[in-house]
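Asks: Provided herewith: final-v6.csv, CSV, C-alpha atoms (C1' of nucleotides).
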chain,number,residue,atom,x,y,z
J,256,MET,CA,4.7,3.9,-112.1
J,257,GLU,CA,3.4,3.6,-108.6
J,258,MET,CA,0.4,1.8,-107.4
J,259,VAL,CA,-1.2,3.0,-104.2
J,260,THR,CA,-3.9,0.7,-103.0
J,261,SER,CA,-6.4,1.6,-100.3
J,262,ALA,CA,-4.6,-0.8,-98.0
J,263,ASP,CA,-1.4,1.2,-98.5
J,264,ASN,CA,-3.4,4.3,-97.8
J,265,GLN,CA,-4.7,2.9,-94.6
J,266,GLN,CA,-1.2,2.0,-93.5
J,267,ILE,CA,0.0,5.5,-94.2
J,268,GLU,CA,-2.9,6.8,-92.1
J,269,THR,CA,-1.9,4.4,-89.3
J,270,ALA,CA,1.7,5.5,-89.5
J,271,LYS,CA,0.6,9.1,-89.0
J,272,LYS,CA,-1.5,8.2,-86.0
J,273,LEU,CA,1.3,6.1,-84.5
J,274,LYS,CA,3.6,9.0,-85.0
J,275,LYS,CA,1.2,11.3,-83.2
J,276,MET,CA,0.9,8.7,-80.4
J,277,PHE,CA,4.5,7.6,-80.0
J,278,GLY,CA,6.6,10.2,-81.9
J,279,HIS,CA,7.4,12.2,-78.8
J,280,ILE,CA,7.9,9.3,-76.5
J,281,ASP,CA,11.3,8.9,-74.8
J,282,TYR,CA,11.5,5.6,-73.2
J,283,LYS,CA,13.8,6.9,-70.5
J,284,ASN,CA,11.0,9.2,-69.3
J,285,PRO,CA,7.7,7.4,-69.7
J,286,PRO,CA,4.7,9.6,-69.3
J,287,GLU,CA,2.8,9.4,-66.1
J,288,MET,CA,-0.5,8.4,-67.7
J,289,CYS,CA,-0.7,6.2,-70.7
J,290,PRO,CA,-4.2,5.7,-72.1
J,291,VAL,CA,-3.4,2.2,-73.4
J,292,ARG,CA,-1.8,0.9,-70.2
J,293,ASP,CA,-3.9,2.7,-67.6
J,294,VAL,CA,-7.3,2.8,-69.3
J,295,LEU,CA,-7.8,0.7,-72.3
J,296,SER,CA,-6.2,-2.4,-70.8
J,297,LEU,CA,-8.8,-2.4,-68.0
J,298,ALA,CA,-11.6,-2.8,-70.6
J,299,SER,CA,-10.0,-4.9,-73.3
J,300,ASP,CA,-9.3,-8.1,-71.4
J,301,LYS,CA,-11.2,-11.1,-72.6
J,302,TRP,CA,-14.0,-11.0,-70.1
J,303,SER,CA,-14.7,-7.3,-70.3
J,304,ILE,CA,-14.9,-7.5,-74.1
J,305,LEU,CA,-17.4,-10.3,-73.9
J,306,ILE,CA,-19.5,-8.6,-71.2
J,307,ILE,CA,-19.6,-5.3,-73.2
J,308,LEU,CA,-20.4,-7.0,-76.4
J,309,TYR,CA,-23.3,-9.0,-74.9
J,310,LEU,CA,-24.6,-5.8,-73.3
J,311,GLY,CA,-24.3,-4.2,-76.7
J,312,PHE,CA,-26.6,-6.9,-78.1
J,313,PHE,CA,-29.0,-7.3,-75.2
J,314,PRO,CA,-29.8,-3.8,-73.9
J,315,VAL,CA,-30.6,-5.1,-70.4
J,316,LEU,CA,-29.0,-8.2,-68.7
J,317,ARG,CA,-29.1,-9.5,-65.2
J,318,PHE,CA,-26.2,-11.1,-63.4
J,319,ASN,CA,-27.1,-14.8,-64.0
J,320,LYS,CA,-28.1,-14.3,-67.6
J,321,LEU,CA,-24.9,-12.5,-68.3
J,322,LYS,CA,-23.0,-15.3,-66.6
J,323,LYS,CA,-24.7,-17.8,-69.0
J,324,TYR,CA,-23.8,-15.8,-72.1
J,325,VAL,CA,-20.2,-15.1,-70.9
J,326,TYR,CA,-19.9,-18.8,-70.2
J,327,GLY,CA,-16.8,-19.9,-68.3
J,328,ILE,CA,-16.5,-16.8,-66.2
J,329,SER,CA,-16.7,-17.3,-62.4
J,330,ASN,CA,-19.0,-15.4,-60.1
J,331,LYS,CA,-16.1,-13.6,-58.5
J,332,VAL,CA,-14.6,-12.4,-61.7
J,333,LEU,CA,-17.9,-11.4,-63.2
J,334,SER,CA,-18.8,-9.5,-60.1
J,335,GLU,CA,-15.4,-7.8,-60.1
J,336,ARG,CA,-15.4,-6.9,-63.8
J,337,LEU,CA,-18.9,-5.5,-63.5
J,338,LYS,CA,-17.9,-3.3,-60.7
J,339,ALA,CA,-14.8,-2.1,-62.5
J,340,LEU,CA,-16.7,-1.4,-65.8
J,341,GLU,CA,-19.4,0.5,-63.8
J,342,SER,CA,-16.8,2.6,-62.0
J,343,ASP,CA,-15.1,3.4,-65.4
J,344,GLY,CA,-18.4,4.5,-66.8
J,345,TYR,CA,-19.1,1.8,-69.3
J,346,LEU,CA,-22.2,0.4,-67.7
J,347,THR,CA,-24.9,1.1,-65.1
J,348,ARG,CA,-26.1,-1.1,-62.3
J,349,ARG,CA,-29.7,-0.7,-61.3
J,350,MET,CA,-30.9,-2.6,-58.2
J,351,TYR,CA,-34.5,-3.3,-57.3
J,352,ALA,CA,-35.3,-4.1,-53.7
J,353,GLU,CA,-37.5,-7.0,-54.6
J,354,VAL,CA,-37.3,-10.5,-53.3
J,355,PRO,CA,-35.4,-12.1,-54.8
J,356,ILE,CA,-33.3,-9.1,-55.5
J,357,ARG,CA,-33.1,-7.9,-59.1
J,358,VAL,CA,-30.1,-6.2,-60.6
J,359,GLU,CA,-30.0,-4.9,-64.1
J,360,TYR,CA,-27.0,-4.0,-66.0
J,361,ARG,CA,-27.0,-1.9,-69.2
J,362,LEU,CA,-24.5,0.1,-71.2
J,363,THR,CA,-24.1,3.8,-70.7
J,364,ASN,CA,-23.9,6.0,-73.8
J,365,PHE,CA,-20.2,6.0,-73.3
J,366,GLY,CA,-20.3,2.2,-73.2
J,367,LYS,CA,-22.3,2.1,-76.4
J,368,ASN,CA,-19.8,4.3,-78.0
J,369,TYR,CA,-17.1,1.9,-76.9
J,370,VAL,CA,-19.0,-1.0,-78.4
J,371,ASP,CA,-19.0,0.8,-81.7
J,372,LYS,CA,-15.2,0.8,-81.7
J,373,LEU,CA,-14.8,-2.6,-80.2
J,374,ILE,CA,-17.1,-4.2,-82.7
J,375,GLU,CA,-14.9,-3.1,-85.6
J,376,LEU,CA,-12.0,-5.0,-84.0
J,377,THR,CA,-14.0,-8.1,-83.2
J,378,GLU,CA,-15.5,-8.1,-86.6
J,379,TRP,CA,-12.1,-8.0,-88.2
J,380,MET,CA,-11.0,-10.8,-86.0
J,381,GLN,CA,-14.0,-12.8,-86.8
J,382,ILE,CA,-13.0,-12.6,-90.5
J,383,ASN,CA,-9.3,-13.2,-89.9
J,384,SER,CA,-9.3,-15.7,-87.1
J,385,PRO,CA,-9.0,-18.6,-89.6
J,386,LYS,CA,-5.6,-17.1,-90.7
J,387,VAL,CA,-4.4,-17.1,-87.2
J,388,LEU,CA,-5.5,-20.6,-86.5
J,389,LYS,CA,-3.9,-21.8,-89.7
J,390,ASN,CA,-0.6,-20.0,-88.8
J,391,LYS,CA,-0.6,-21.4,-85.3
J,392,LYS,CA,-1.0,-24.9,-86.8
J,393,LYS,CA,1.8,-24.4,-89.3
J,394,PHE,CA,4.0,-23.1,-86.6
J,395,GLN,CA,3.5,-26.1,-84.4
J,396,VAL,CA,4.7,-28.4,-87.1
J,397,LYS,CA,8.0,-26.7,-87.4
F,99,MET,CA,-40.1,14.9,-86.6
F,100,GLU,CA,-37.1,12.6,-86.2
F,101,MET,CA,-33.5,13.5,-86.0
F,102,VAL,CA,-31.0,10.9,-87.0
F,103,THR,CA,-27.5,11.9,-86.2
F,104,SER,CA,-24.4,10.1,-87.5
F,105,ALA,CA,-23.9,8.7,-84.0
F,106,ASP,CA,-27.3,7.2,-84.2
F,107,ASN,CA,-26.4,5.7,-87.6
F,108,GLN,CA,-23.3,4.2,-86.2
F,109,GLN,CA,-25.2,2.6,-83.4
F,110,ILE,CA,-27.6,1.1,-85.9
F,111,GLU,CA,-24.7,-0.3,-87.9
F,112,THR,CA,-23.2,-1.7,-84.7
F,113,ALA,CA,-26.6,-3.3,-83.8
F,114,LYS,CA,-26.6,-5.0,-87.2
F,115,LYS,CA,-23.1,-6.3,-86.7
F,116,LEU,CA,-23.9,-7.5,-83.2
F,117,LYS,CA,-26.9,-9.3,-84.5
F,118,LYS,CA,-24.8,-11.0,-87.1
F,119,MET,CA,-22.3,-11.9,-84.5
F,120,PHE,CA,-24.6,-13.0,-81.6
F,121,GLY,CA,-28.0,-13.3,-83.1
F,122,HIS,CA,-27.8,-17.0,-83.6
F,123,ILE,CA,-26.0,-17.8,-80.3
F,124,ASP,CA,-27.8,-20.1,-77.9
F,125,TYR,CA,-26.0,-20.0,-74.6
F,126,LYS,CA,-26.9,-23.6,-73.9
F,127,ASN,CA,-24.9,-24.7,-76.9
F,128,PRO,CA,-21.9,-22.4,-77.1
F,129,PRO,CA,-19.9,-22.8,-80.4
F,130,GLU,CA,-16.7,-24.7,-80.3
F,131,MET,CA,-14.7,-21.8,-81.6
F,132,CYS,CA,-15.3,-18.2,-80.7
F,133,PRO,CA,-13.1,-15.7,-82.4
F,134,VAL,CA,-13.2,-13.3,-79.5
F,135,ARG,CA,-12.4,-15.9,-76.8
F,136,ASP,CA,-10.0,-18.0,-78.7
F,137,VAL,CA,-8.2,-15.6,-81.0
F,138,LEU,CA,-8.7,-12.0,-80.2
F,139,SER,CA,-8.1,-12.3,-76.5
F,140,LEU,CA,-4.6,-13.7,-77.1
F,141,ALA,CA,-3.6,-10.5,-78.9
F,142,SER,CA,-5.6,-7.9,-77.0
F,143,ASP,CA,-4.1,-8.1,-73.6
F,144,LYS,CA,-2.2,-5.1,-72.3
F,145,TRP,CA,1.2,-6.3,-73.2
F,146,SER,CA,0.4,-7.6,-76.7
F,147,ILE,CA,-1.3,-4.4,-77.6
F,148,LEU,CA,1.8,-2.4,-76.5
F,149,ILE,CA,4.2,-4.7,-78.3
F,150,ILE,CA,2.2,-4.6,-81.5
F,151,LEU,CA,1.8,-0.8,-81.4
F,152,TYR,CA,5.5,-0.2,-80.9
F,153,LEU,CA,6.3,-2.6,-83.7
F,154,GLY,CA,3.9,-0.6,-85.8
F,155,PHE,CA,5.8,2.5,-85.1
F,156,PHE,CA,9.4,1.2,-85.2
F,157,PRO,CA,9.6,-1.3,-88.2
F,158,VAL,CA,12.3,-3.3,-86.5
F,159,LEU,CA,13.0,-3.8,-82.8
F,160,ARG,CA,15.3,-6.0,-80.9
F,161,PHE,CA,14.4,-7.7,-77.6
F,162,ASN,CA,15.9,-5.2,-75.2
F,163,LYS,CA,14.8,-2.1,-77.1
F,164,LEU,CA,11.3,-3.4,-77.1
F,165,LYS,CA,11.6,-4.1,-73.4
F,166,LYS,CA,12.5,-0.5,-72.8
F,167,TYR,CA,9.6,0.8,-74.8
F,168,VAL,CA,7.1,-1.6,-73.2
F,169,TYR,CA,8.4,-0.6,-69.8
F,170,GLY,CA,7.3,-2.6,-66.9
F,171,ILE,CA,7.1,-6.0,-68.8
F,172,SER,CA,9.3,-8.8,-67.4
F,173,ASN,CA,11.7,-10.8,-69.6
F,174,LYS,CA,9.7,-13.8,-69.1
F,175,VAL,CA,6.4,-12.4,-70.2
F,176,LEU,CA,7.9,-10.4,-73.1
F,177,SER,CA,9.6,-13.6,-74.4
F,178,GLU,CA,6.4,-15.5,-74.0
F,179,ARG,CA,4.2,-12.9,-75.7
F,180,LEU,CA,6.6,-12.6,-78.6
F,181,LYS,CA,6.5,-16.3,-79.1
F,182,ALA,CA,2.7,-16.4,-79.0
F,183,LEU,CA,2.4,-13.4,-81.4
F,184,GLU,CA,4.9,-15.0,-83.7
F,185,SER,CA,3.0,-18.3,-83.7
F,186,ASP,CA,-0.2,-16.5,-84.4
F,187,GLY,CA,1.3,-14.8,-87.4
F,188,TYR,CA,1.5,-11.2,-86.2
F,189,LEU,CA,5.2,-10.9,-86.2
F,190,THR,CA,8.4,-12.5,-87.4
F,191,ARG,CA,11.5,-13.3,-85.5
F,192,ARG,CA,14.8,-13.1,-87.3
F,193,MET,CA,17.9,-14.4,-85.4
F,194,TYR,CA,21.5,-13.7,-86.3
F,195,ALA,CA,24.1,-16.1,-85.1
F,196,GLU,CA,26.4,-13.3,-83.9
F,197,VAL,CA,28.0,-12.8,-80.6
F,198,PRO,CA,26.3,-11.4,-78.7
F,199,ILE,CA,23.2,-12.9,-80.4
F,200,ARG,CA,21.0,-10.5,-82.3
F,201,VAL,CA,17.3,-11.0,-82.7
F,202,GLU,CA,15.0,-8.8,-84.7
F,203,TYR,CA,11.3,-8.6,-84.5
F,204,ARG,CA,9.0,-7.0,-87.0
F,205,LEU,CA,5.4,-7.1,-87.9
F,206,THR,CA,4.1,-9.3,-90.7
F,207,ASN,CA,1.7,-7.9,-93.2
F,208,PHE,CA,-1.1,-9.5,-91.2
F,209,GLY,CA,0.3,-7.8,-88.1
F,210,LYS,CA,0.3,-4.5,-89.9
F,211,ASN,CA,-3.2,-5.1,-90.8
F,212,TYR,CA,-4.1,-5.7,-87.2
F,213,VAL,CA,-2.4,-2.5,-86.1
F,214,ASP,CA,-4.7,-0.6,-88.5
F,215,LYS,CA,-7.6,-1.9,-86.5
F,216,LEU,CA,-6.0,-1.6,-83.1
F,217,ILE,CA,-4.9,2.0,-83.7
F,218,GLU,CA,-8.6,3.0,-84.2
F,219,LEU,CA,-9.4,1.6,-80.7
F,220,THR,CA,-6.4,3.1,-79.0
F,221,GLU,CA,-6.9,6.4,-80.6
F,222,TRP,CA,-10.5,6.5,-79.4
F,223,MET,CA,-9.3,5.6,-76.0
F,224,GLN,CA,-6.6,8.3,-76.0
F,225,ILE,CA,-9.3,10.8,-76.7
F,226,ASN,CA,-11.8,9.4,-74.2
F,227,SER,CA,-9.6,8.3,-71.3
F,228,PRO,CA,-10.1,11.6,-69.4
F,229,LYS,CA,-13.8,10.7,-69.2
F,230,VAL,CA,-13.0,7.3,-67.8
F,231,LEU,CA,-10.7,8.8,-65.2
F,232,LYS,CA,-13.2,11.4,-64.3
F,233,ASN,CA,-15.9,8.8,-63.9
F,234,LYS,CA,-13.7,6.6,-61.8
F,235,LYS,CA,-12.9,9.5,-59.5
F,236,LYS,CA,-16.6,10.4,-59.2
F,237,PHE,CA,-17.4,6.8,-58.4
F,238,GLN,CA,-14.9,6.6,-55.6
F,239,VAL,CA,-16.5,9.6,-53.8
F,240,LYS,CA,-19.9,7.9,-53.6
G,114,DA,C1',45.2,-16.2,-68.4
G,115,DG,C1',41.5,-14.2,-65.9
G,116,DC,C1',37.5,-11.4,-65.9
G,117,DA,C1',33.7,-8.4,-66.9
G,118,DC,C1',30.5,-7.5,-70.6
G,119,DT,C1',27.1,-8.5,-74.2
G,120,DG,C1',21.8,-9.9,-75.7
G,121,DG,C1',18.4,-13.1,-75.6
G,122,DT,C1',16.4,-16.4,-73.0
G,123,DT,C1',15.4,-19.7,-69.3
G,124,DA,C1',15.0,-21.3,-64.2
G,125,DC,C1',13.5,-20.4,-59.9
G,126,DC,C1',10.5,-18.8,-56.4
G,127,DA,C1',7.1,-15.3,-54.5
G,128,DT,C1',3.0,-13.0,-55.5
G,129,DT,C1',-1.2,-12.1,-57.7
G,130,DT,C1',-5.0,-13.4,-60.2
G,131,DC,C1',-8.1,-17.0,-61.5
G,132,DC,C1',-11.6,-20.7,-61.2
G,133,DA,C1',-14.9,-24.1,-59.0
G,134,DT,C1',-17.4,-24.9,-55.3
G,135,DA,C1',-20.0,-24.0,-51.4
G,136,DC,C1',-22.4,-20.7,-48.8
G,137,DT,C1',-25.3,-16.3,-47.6
G,138,DA,C1',-29.9,-13.8,-47.3
G,139,DT,C1',-34.9,-13.7,-48.0
G,140,DG,C1',-39.2,-15.1,-49.5
G,141,DT,C1',-42.0,-18.2,-52.8
G,142,DT,C1',-43.4,-22.6,-54.3
G,143,DA,C1',-44.2,-27.8,-54.0
E,247,DT,C1',-40.2,-29.0,-44.5
E,248,DA,C1',-37.4,-29.0,-48.3
E,249,DA,C1',-36.3,-27.1,-52.6
E,250,DC,C1',-35.8,-23.0,-55.6
E,251,DA,C1',-34.6,-18.5,-56.9
E,252,DT,C1',-31.3,-14.2,-57.2
E,253,DA,C1',-27.0,-11.8,-56.7
E,254,DG,C1',-23.6,-12.1,-55.0
E,255,DT,C1',-19.4,-13.3,-51.1
E,256,DA,C1',-16.0,-16.7,-48.9
E,257,DT,C1',-12.7,-20.2,-49.5
E,258,DG,C1',-9.0,-23.1,-51.1
E,259,DG,C1',-6.3,-24.6,-54.7
E,260,DA,C1',-4.6,-23.9,-59.6
E,261,DA,C1',-2.7,-21.1,-62.9
E,262,DA,C1',-0.7,-17.0,-64.6
E,263,DT,C1',2.6,-13.3,-63.6
E,264,DG,C1',6.5,-10.8,-61.8
E,265,DG,C1',11.4,-10.1,-60.2
E,266,DT,C1',15.9,-11.8,-59.8
E,267,DA,C1',19.6,-14.5,-61.1
E,268,DA,C1',21.8,-17.6,-64.1
E,269,DC,C1',23.2,-19.3,-68.7
E,270,DC,C1',25.8,-19.3,-73.3
E,271,DA,C1',29.7,-18.2,-76.1
E,272,DG,C1',32.7,-14.9,-77.9
E,273,DT,C1',35.2,-10.0,-77.3
E,274,DG,C1',37.8,-6.6,-75.3
E,275,DC,C1',40.3,-5.1,-71.3
E,276,DT,C1',44.1,-5.8,-67.9
The structure in this file should be written as structure tokens.
Replies:
Amino acid sequence: MEMVTSADNQQIETAKKLKKMFGHIDYKNPPEMCPVRDVLSLASDKWSILIILYLGFFPVLRFNKLKKYVYGISNKVLSERLKALESDGYLTRRMYAEVPIRVEYRLTNFGKNYVDKLIELTEWMQINSPKVLKNKKKFQVK
Amino acid sequence: MEMVTSADNQQIETAKKLKKMFGHIDYKNPPEMCPVRDVLSLASDKWSILIILYLGFFPVLRFNKLKKYVYGISNKVLSERLKALESDGYLTRRMYAEVPIRVEYRLTNFGKNYVDKLIELTEWMQINSPKVLKNKKKFQVK
DNA sequence: AGCACTGGTTACCATTTCCATACTATGTTA
DNA sequence: TAACATAGTATGGAAATGGTAACCAGTGCT
């Protein structure tokens, strides 16, 4: 008698998706464009994830407020990441010619869509991070 | 009359999750441990994602084979990433004292679980990467 | 016997990215 | 007059990253 749990089912689904994604790949002839390498990796680094999540929660944020939430980021890197995320279509930059200048950042619809996906991953990690920390500790002892 | 699409529904769901995740956060007193900063970011960089996805597709891989699939990675970084991913519990390292030495890497159940989540993100990006590329191009013209 | 070869990893140095700090512009406030 | 505010840029040093070469110890070739 076989037991098929929903976890098993998900792994079968995942296997299918992986097959679709990698099944045809010949490592001697890598494709010219790889979505994970060339696109996802530009928006899945630590800082970009945090920026996008905070903009998911607060619809509008200005530079310095964002910097406070994404604590630890430097001006340069924040500025750089914001430019990159804007040019990739995740967020918009709206500048008001006031004094002092005011610049507002907010997610595009595409960015909101990305948050939907990202949040699933971060939520999972929030639940599972204790396991990781426990494992890391166990590993250090060895 | 209001129209509520499933996309709207998902964004409402996301908003709830974000609220749960960030609603209590006071940026003047950041928490000591942040799952995104301290755990996820160690397994969501470009190389780790690729390593984990390939190990999701090929149940067992040895160092050099992995290096061929994750083309472009240096020995040093691959070695380092594998160690980190092992210590965080995503994969196991099995060494055979043969000559030449043989080392096999495979995902743990936890790692397989992570792939399930990761694949949803990469799949989404695979579908949407053309939009990003298009946007990037449009942005350069400006 | 000498020598190249193997696979996984480390050592070394050059390059790139990163962070902290100071600084810019302009007008308002004390 | 000095301090403050905003949204950054400039700078110098620290840290991460990349490429290349070396290492081990046994095996097969000459």
Asks: To one decimal place in Å, what is the distance between CA of Arg160 in chain F and CA of Glu202 in chain F?
Replies: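 Separation between CA of Arg160 in chain F and CA of Glu202 in chain F: 4.7 Å.
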Asks: For a cut-off of 10 Å around (-3.5, -18.8, -76.2), file coordinates, pick out all residues using all atoms listed in the file and list them as an MDAnalysis selection string.
Replies: (chainID J and resid 391) or (chainID F and resid 135:141 179 182:183 185:186)
Asks: Find the residues around DC118 in chain G up to 10 Å (only C-alpha atoms (C1' of nucleotides) counted), leave out those fewer than 2 positions away in its own chain, and share them as a list of chain:residue names.
Replies: F:Pro198, G:DC116, E:DT273, E:DG274
Asks: What are the residues of chain F lining chain G at 9 Å or less? Count only C-alpha atoms (C1' of nucleotides), and put the answer as a PyMOL selection string.
Replies: chain F and resi 161-162+173-174+177+197-201
Asks: Would you output that residue set with C-alpha atoms, as an mmCIF file, keeping the file's coordinate frame?
Replies:
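Saved result, result.cif, follows:
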data_model
loop_
_atom_site.group_PDB
_atom_site.id
_atom_site.type_symbol
_atom_site.label_atom_id
_atom_site.label_comp_id
_atom_site.auth_asym_id
_atom_site.auth_seq_id
_atom_site.Cartn_x
_atom_site.Cartn_y
_atom_site.Cartn_z
ATOM 1 C CA PHE F 161 14.400 -7.700 -77.600
ATOM 2 C CA ASN F 162 15.900 -5.200 -75.200
ATOM 3 C CA ASN F 173 11.700 -10.800 -69.600
ATOM 4 C CA LYS F 174 9.700 -13.800 -69.100
ATOM 5 C CA SER F 177 9.600 -13.600 -74.400
ATOM 6 C CA VAL F 197 28.000 -12.800 -80.600
ATOM 7 C CA PRO F 198 26.300 -11.400 -78.700
ATOM 8 C CA ILE F 199 23.200 -12.900 -80.400
ATOM 9 C CA ARG F 200 21.000 -10.500 -82.300
ATOM 10 C CA VAL F 201 17.300 -11.000 -82.700
#
Asks: Per residue of chain E within 7 Å of chain J, what are the shortest atom pair and its distance in Å to one decimal, counting only C-alpha atoms (C1' of nucleotides), with rows by chain and residue number, as a tab-separated table?
Replies:
residue	atom	partner	partner_atom	distance
E:DA251	C1'	J:Pro355	CA	6.8
E:DT252	C1'	J:Pro355	CA	5.2
E:DA253	C1'	J:Phe318	CA	6.8
Asks: Would you compute the distance between CA of Leu305 in chain J and CA of Val325 in chain J? Give it in Å to one decimal.
Replies: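 Taking CA of Leu305 in chain J as the start and CA of Val325 in chain J as the end point, the length is 6.3 Å.
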Asks: For chain J, which residues have at least one atom within 6 Å of chain F, if we go by all atoms listed in the file? Write them as JSON, numbers by chain, please.
Replies: {"J": [269, 273, 282, 290, 296, 300, 301, 312, 324, 342, 343, 344, 371, 372, 376, 381, 387, 390, 391, 394]}
Asks: For CA of Thr363 in chain J and CA of Leu346 in chain J, quote the distance in Å rounded to one decimal.
Replies: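 That distance, rounded to one decimal, is 4.9 Å.
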